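Below is final26.pdb, holding PDB, C-alpha atoms and all ligand atoms.
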```pdb
ATOM      1  CA  MET D 142     -49.083  67.226  29.146
ATOM      2  CA  PRO D 143     -46.963  65.412  31.765
ATOM      3  CA  VAL D 144     -44.638  62.574  30.888
ATOM      4  CA  ARG D 145     -43.594  59.620  33.017
ATOM      5  CA  GLU D 146     -41.240  56.644  32.870
ATOM      6  CA  MET D 147     -42.858  53.371  31.845
ATOM      7  CA  THR D 148     -42.293  50.174  33.798
ATOM      8  CA  ASP D 149     -40.526  47.245  32.126
ATOM      9  CA  HIS D 150     -43.862  45.468  31.910
ATOM     10  CA  GLU D 151     -45.467  48.475  30.148
ATOM     11  CA  CYS D 152     -42.514  48.675  27.745
ATOM     12  CA  MET D 153     -42.887  45.000  26.849
ATOM     13  CA  ASP D 154     -46.628  45.436  26.377
ATOM     14  CA  CYS D 155     -45.984  48.337  23.982
ATOM     15  CA  LEU D 156     -43.416  46.267  22.047
ATOM     16  CA  SER D 157     -45.737  43.287  21.753
ATOM     17  CA  LYS D 158     -48.624  45.443  20.463
ATOM     18  CA  GLY D 159     -46.437  47.292  17.938
ATOM     19  CA  HIS D 160     -44.989  45.945  14.722
ATOM     20  CA  VAL D 161     -42.991  48.802  13.164
ATOM     21  CA  GLY D 162     -39.942  50.398  14.734
ATOM     22  CA  HIS D 163     -36.859  52.370  13.760
ATOM     23  CA  LEU D 164     -33.735  50.265  13.731
ATOM     24  CA  ALA D 165     -30.475  52.123  14.309
ATOM     25  CA  CYS D 166     -26.969  50.831  13.811
ATOM     26  CA  SER D 167     -23.590  52.424  13.282
ATOM     27  CA  ARG D 168     -20.261  51.796  11.630
ATOM     28  CA  ASP D 169     -17.038  53.760  12.041
ATOM     29  CA  GLY D 170     -18.922  56.360  14.087
ATOM     30  CA  VAL D 171     -21.539  56.942  11.392
ATOM     31  CA  PRO D 172     -25.211  56.328  12.351
ATOM     32  CA  TYR D 173     -27.827  54.705  10.090
ATOM     33  CA  ILE D 174     -31.524  54.264  10.834
ATOM     34  CA  VAL D 175     -34.385  52.677   8.874
ATOM     35  CA  PRO D 176     -37.998  51.743   9.593
ATOM     36  CA  ILE D 177     -38.516  48.020   9.975
ATOM     37  CA  HIS D 178     -41.191  45.465  10.853
ATOM     38  CA  TYR D 179     -40.457  43.381  13.891
ATOM     39  CA  ALA D 180     -42.137  40.782  16.083
ATOM     40  CA  TYR D 181     -41.594  40.686  19.805
ATOM     41  CA  GLY D 182     -40.442  37.413  21.344
ATOM     42  CA  ILE D 183     -39.289  36.982  24.920
ATOM     43  CA  GLU D 184     -36.300  39.318  25.422
ATOM     44  CA  LYS D 185     -35.750  39.446  21.665
ATOM     45  CA  LEU D 186     -37.148  41.310  18.681
ATOM     46  CA  TYR D 187     -37.246  39.349  15.432
ATOM     47  CA  ALA D 188     -37.003  40.818  11.961
ATOM     48  CA  PHE D 189     -36.385  39.940   8.333
ATOM     49  CA  SER D 190     -34.295  41.678   5.695
ATOM     50  CA  MET D 191     -32.683  41.228   2.334
ATOM     51  CA  PRO D 192     -28.918  41.866   2.154
ATOM     52  CA  GLY D 193     -28.011  45.546   2.202
ATOM     53  CA  GLN D 194     -26.449  48.319   4.213
ATOM     54  CA  LYS D 195     -28.098  47.650   7.595
ATOM     55  CA  ILE D 196     -27.162  43.961   7.504
ATOM     56  CA  ASP D 197     -23.564  44.765   6.452
ATOM     57  CA  TRP D 198     -23.263  47.300   9.251
ATOM     58  CA  LEU D 199     -24.883  45.097  11.911
ATOM     59  CA  ARG D 200     -22.583  42.241  10.957
ATOM     60  CA  SER D 201     -19.558  44.470  11.498
ATOM     61  CA  ASN D 202     -20.959  46.126  14.650
ATOM     62  CA  PRO D 203     -23.759  44.173  16.395
ATOM     63  CA  HIS D 204     -24.775  47.012  18.758
ATOM     64  CA  ALA D 205     -28.274  48.056  17.723
ATOM     65  CA  CYS D 206     -31.083  50.248  18.950
ATOM     66  CA  ILE D 207     -34.794  50.029  18.127
ATOM     67  CA  GLN D 208     -37.340  52.717  18.899
ATOM     68  CA  VAL D 209     -41.049  51.923  18.820
ATOM     69  CA  GLU D 210     -43.912  54.302  19.423
ATOM     70  CA  GLU D 211     -47.639  54.186  19.952
ATOM     71  CA  ARG D 212     -49.779  57.288  19.446
ATOM     72  CA  SER D 213     -53.444  57.646  20.207
ATOM     73  CA  ASP D 214     -53.503  61.355  19.289
ATOM     74  CA  HIS D 215     -50.831  63.989  18.750
ATOM     75  CA  ARG D 216     -50.385  64.593  22.512
ATOM     76  CA  LEU D 217     -50.826  61.084  23.894
ATOM     77  CA  TRP D 218     -47.908  58.837  23.077
ATOM     78  CA  LYS D 219     -45.744  56.024  24.317
ATOM     79  CA  SER D 220     -42.183  55.533  23.146
ATOM     80  CA  VAL D 221     -39.914  52.595  23.919
ATOM     81  CA  VAL D 222     -36.177  52.417  23.245
ATOM     82  CA  VAL D 223     -34.429  49.055  23.179
ATOM     83  CA  GLN D 224     -30.680  48.659  23.128
ATOM     84  CA  GLY D 225     -29.437  45.255  22.146
ATOM     85  CA  GLN D 226     -27.285  42.975  20.073
ATOM     86  CA  PHE D 227     -27.785  41.808  16.504
ATOM     87  CA  ARG D 228     -27.919  38.006  16.225
ATOM     88  CA  GLU D 229     -28.301  36.522  12.782
ATOM     89  CA  LEU D 230     -30.400  33.378  12.435
ATOM     90  CA  PRO D 231     -28.796  31.540   9.511
ATOM     91  CA  ASP D 232     -30.501  28.588   7.850
ATOM     92  CA  THR D 233     -28.529  25.965   9.795
ATOM     93  CA  PRO D 234     -29.701  23.068  12.011
ATOM     94  CA  GLU D 235     -28.481  24.973  15.090
ATOM     95  CA  HIS D 236     -30.819  27.916  14.406
ATOM     96  CA  HIS D 237     -33.675  26.006  12.808
ATOM     97  CA  THR D 238     -36.074  26.081  15.783
ATOM     98  CA  GLU D 239     -35.543  29.781  16.433
ATOM     99  CA  ARG D 240     -35.925  30.649  12.734
ATOM    100  CA  ILE D 241     -39.283  28.866  12.697
ATOM    101  CA  HIS D 242     -40.267  30.702  15.886
ATOM    102  CA  ALA D 243     -39.286  34.068  14.322
ATOM    103  CA  TRP D 244     -41.200  33.199  11.143
ATOM    104  CA  ASP D 245     -44.306  32.201  13.136
ATOM    105  CA  LEU D 246     -44.279  35.473  15.072
ATOM    106  CA  LEU D 247     -43.600  37.648  12.012
ATOM    107  CA  GLN D 248     -46.229  36.038   9.810
ATOM    108  CA  GLU D 249     -48.985  37.016  12.243
ATOM    109  CA  ARG D 250     -48.945  40.351  10.351
ATOM    110  CA  GLU D 251     -50.167  40.375   6.774
ATOM    111  CA  LEU D 252     -47.485  41.149   4.131
ATOM    112  CA  TRP D 253     -44.796  41.424   6.850
ATOM    113  CA  TRP D 254     -42.153  40.407   4.330
ATOM    114  CA  GLU D 255     -43.013  42.893   1.566
ATOM    115  CA  PRO D 256     -41.175  46.090   2.670
ATOM    116  CA  GLY D 257     -38.069  44.057   3.489
ATOM    117  CA  TYR D 258     -38.163  42.333   0.114
ATOM    118  CA  LEU D 259     -38.634  45.373  -2.112
ATOM    119  CA  ARG D 260     -35.556  46.968  -3.630
ATOM    120  CA  PRO D 261     -35.148  49.745  -6.220
ATOM    121  CA  ASP D 262     -33.051  47.240  -8.216
ATOM    122  CA  GLU D 263     -35.514  44.363  -8.764
ATOM    123  CA  SER D 264     -32.877  42.025 -10.219
ATOM    124  CA  ALA D 265     -31.070  42.092  -6.840
ATOM    125  CA  GLN D 266     -34.133  40.924  -4.909
ATOM    126  CA  ALA D 267     -34.675  37.923  -7.195
ATOM    127  CA  VAL D 268     -31.267  36.392  -6.439
ATOM    128  CA  ALA D 269     -30.710  37.429  -2.817
ATOM    129  CA  THR D 270     -31.329  35.130   0.150
ATOM    130  CA  PRO D 271     -33.599  36.451   2.914
ATOM    131  CA  ILE D 272     -31.968  37.047   6.279
ATOM    132  CA  PHE D 273     -33.706  36.478   9.608
ATOM    133  CA  PHE D 274     -32.275  38.021  12.719
ATOM    134  CA  GLY D 275     -32.989  38.908  16.299
ATOM    135  CA  ILE D 276     -32.084  41.884  18.431
ATOM    136  CA  VAL D 277     -31.334  40.510  21.897
ATOM    137  CA  VAL D 278     -32.561  43.034  24.452
ATOM    138  CA  ASP D 279     -29.852  44.435  26.766
ATOM    139  CA  GLN D 280     -31.651  47.502  28.023
ATOM    140  CA  ILE D 281     -35.140  48.864  27.690
ATOM    141  CA  SER D 282     -36.694  52.196  28.612
ATOM    142  CA  GLY D 283     -39.997  53.864  27.929
ATOM    143  CA  ARG D 284     -41.756  57.171  28.407
ATOM    144  CA  GLN D 285     -45.375  58.091  27.976
ATOM    145  CA  THR D 286     -47.589  61.115  28.340
ATOM    146  CA  PHE D 287     -50.707  60.931  30.441
TER
HETATM  147  C1  LIG W 301     -43.192  50.719   7.386
HETATM  148  C2  LIG W 301     -41.933  50.077   6.826
HETATM  149  C3  LIG W 301     -41.621  48.782   7.190
HETATM  150  C4  LIG W 301     -40.463  48.176   6.699
HETATM  151  N1  LIG W 301     -40.168  46.906   7.088
HETATM  152  C5  LIG W 301     -39.003  46.346   6.693
HETATM  153  C6  LIG W 301     -38.610  45.049   7.146
HETATM  154  O1  LIG W 301     -39.317  44.373   7.906
HETATM  155  N2  LIG W 301     -37.412  44.577   6.737
HETATM  156  C7  LIG W 301     -36.599  45.297   5.915
HETATM  157  O2  LIG W 301     -35.523  44.811   5.578
HETATM  158  N3  LIG W 301     -36.957  46.481   5.445
HETATM  159  C8  LIG W 301     -38.125  47.034   5.821
HETATM  160  N4  LIG W 301     -38.475  48.283   5.350
HETATM  161  C9  LIG W 301     -37.591  48.949   4.382
HETATM  162  C10 LIG W 301     -36.383  49.515   5.116
HETATM  163  O3  LIG W 301     -36.734  50.718   5.784
HETATM  164  C11 LIG W 301     -35.201  49.786   4.168
HETATM  165  O4  LIG W 301     -35.598  50.724   3.185
HETATM  166  C12 LIG W 301     -34.744  48.526   3.461
HETATM  167  O5  LIG W 301     -34.667  47.436   4.345
HETATM  168  C13 LIG W 301     -33.376  48.745   2.812
HETATM  169  O6  LIG W 301     -32.436  48.936   3.829
HETATM  170  P1  LIG W 301     -30.883  48.638   3.537
HETATM  171  O7  LIG W 301     -30.091  49.126   4.696
HETATM  172  O8  LIG W 301     -30.726  47.200   3.166
HETATM  173  O9  LIG W 301     -30.663  49.611   2.329
HETATM  174  P2  LIG W 301     -29.912  49.406   0.945
HETATM  175  O10 LIG W 301     -30.887  48.834  -0.035
HETATM  176  O11 LIG W 301     -28.605  48.720   1.137
HETATM  177  O12 LIG W 301     -29.679  50.908   0.527
HETATM  178  C14 LIG W 301     -28.839  51.724   1.283
HETATM  179  C15 LIG W 301     -28.998  53.155   0.871
HETATM  180  O13 LIG W 301     -30.359  53.488   0.617
HETATM  181  C16 LIG W 301     -30.851  54.438   1.551
HETATM  182  N5  LIG W 301     -32.080  53.898   2.141
HETATM  183  C17 LIG W 301     -32.358  52.586   2.430
HETATM  184  N6  LIG W 301     -33.568  52.468   3.003
HETATM  185  C18 LIG W 301     -34.072  53.714   3.088
HETATM  186  C19 LIG W 301     -35.285  54.223   3.610
HETATM  187  N7  LIG W 301     -36.229  53.425   4.179
HETATM  188  N8  LIG W 301     -35.478  55.549   3.532
HETATM  189  C20 LIG W 301     -34.544  56.366   2.985
HETATM  190  N9  LIG W 301     -33.375  55.933   2.494
HETATM  191  C21 LIG W 301     -33.130  54.623   2.531
HETATM  192  C22 LIG W 301     -29.780  54.571   2.626
HETATM  193  O14 LIG W 301     -29.650  55.845   3.136
HETATM  194  C23 LIG W 301     -28.536  54.097   1.947
HETATM  195  O15 LIG W 301     -27.868  55.188   1.329
HETATM  196  C24 LIG W 301     -39.621  48.909   5.818
HETATM  197  C25 LIG W 301     -39.944  50.205   5.470
HETATM  198  C26 LIG W 301     -41.084  50.790   5.952
HETATM  199  C27 LIG W 301     -41.411  52.217   5.558
END
```
Show me the file's structure as structure tokens.
Amino acid sequence: MPVREMTDHECMDCLSKGHVGHLACSRDGVPYIVPIHYAYGIEKLYAFSMPGQKIDWLRSNPHACIQVEERSDHRLWKSVVVQGQFRELPDTPEHHTERIHAWDLLQERELWWEPGYLRPDESAQAVATPIFFGIVVDQISGRQTF
């Protein structure tokens, strides 16, 4: 099955239709990747998390990568890779409008918050404050079979 490069427009279409990606970050040369829900805004992907390793690492090194894929069968696929910068959206007046925008986009999917909220240690999730953030898109590429 042949593969081709996707246009920027096709990449953005794939990102806006998807809602789960793999978020990669690194610290001190060590990579870390986890599945995550996201919502696509213009030139930014929004997500939600509780405190933990990925947030600690992204705070210390904001370079991030997200990979999203769409499969219609085992041979037909699209895959988009986004490289970008982690930008936290704290609960401050300065970020209020964008936090609401991120929330509005994320809540279009049912139970979008649940995987980010769950922790093996349930006492930790009860006291922790949710974190909203964006990945500002620097570079985007996509490939698909046809
Ligand atoms: C389909 C799907 C959607 C998800 N959506 C979100 C979301 O929107 N927001 C969100 O915050 N989380 C989401 N998660 C959970 C996410 O993948 C992480 O498990 C979770 O966020 C904890 O990450 P952390 O870095 O804070 O880990 P911590 O709780 O700090 O734990 C770090 C340690 O646990 C291990 N670990 C953590 N997560 C995983 C994992 N998924 N698999 C294997 N080992 C792991 C790491 O290797 C590391 O050693 C989703 C998971 C799935 C499967």
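Using all atoms listed in the file for every distance, the candidate list D:Ile207, D:Ile177, D:Leu217, D:Ile241 yields D:Ile177 as the residue closest to ligand LIG 301 (chain W).
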message: Can you translate the PyMOL selection byres (((not hetatm)) within 10 of (chain W and resi 301)) into the concrete residues it hits in this file, as an MDAnalysis selection string?
response: chainID D and resid 160:164 166 173:180 187:199 247 252:262 265:266 271:273
task: Could you state which residues are captured by the PyMOL selection byres (((chain D and resi 150) around 12) and not hetatm) in this file, as a ChimeraX atom specification?
output: /D:146-149,151-157,183-184,221,281-283
query: Looking at all atoms listed in the file, which of D:Val171, D:Ala269, D:Val277, D:Leu246 is the one that sits closest to D:Val223?
result: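 Closest to D:Val223 of all the choices is D:Val277.
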task: Write out as a list in words the residues lying within 12 Å of D:Asp279, counting all atoms listed in the file and excluding same-chain residues fewer than 5 positions away.
output: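 So the residues in contact are Glu184, Lys185, Leu186, His204, Ala205, Cys206, Ile207, Val222, Val223, Gln224, Gly225, Gln226 and Phe227 of chain D.
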- prompt: atom CA of D:Gly182 to atom CA of D:Ser220: how many Å, to one decimal?
  reply: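 Calculated distance between atom CA of D:Gly182 and atom CA of D:Ser220 is 18.3 Å.
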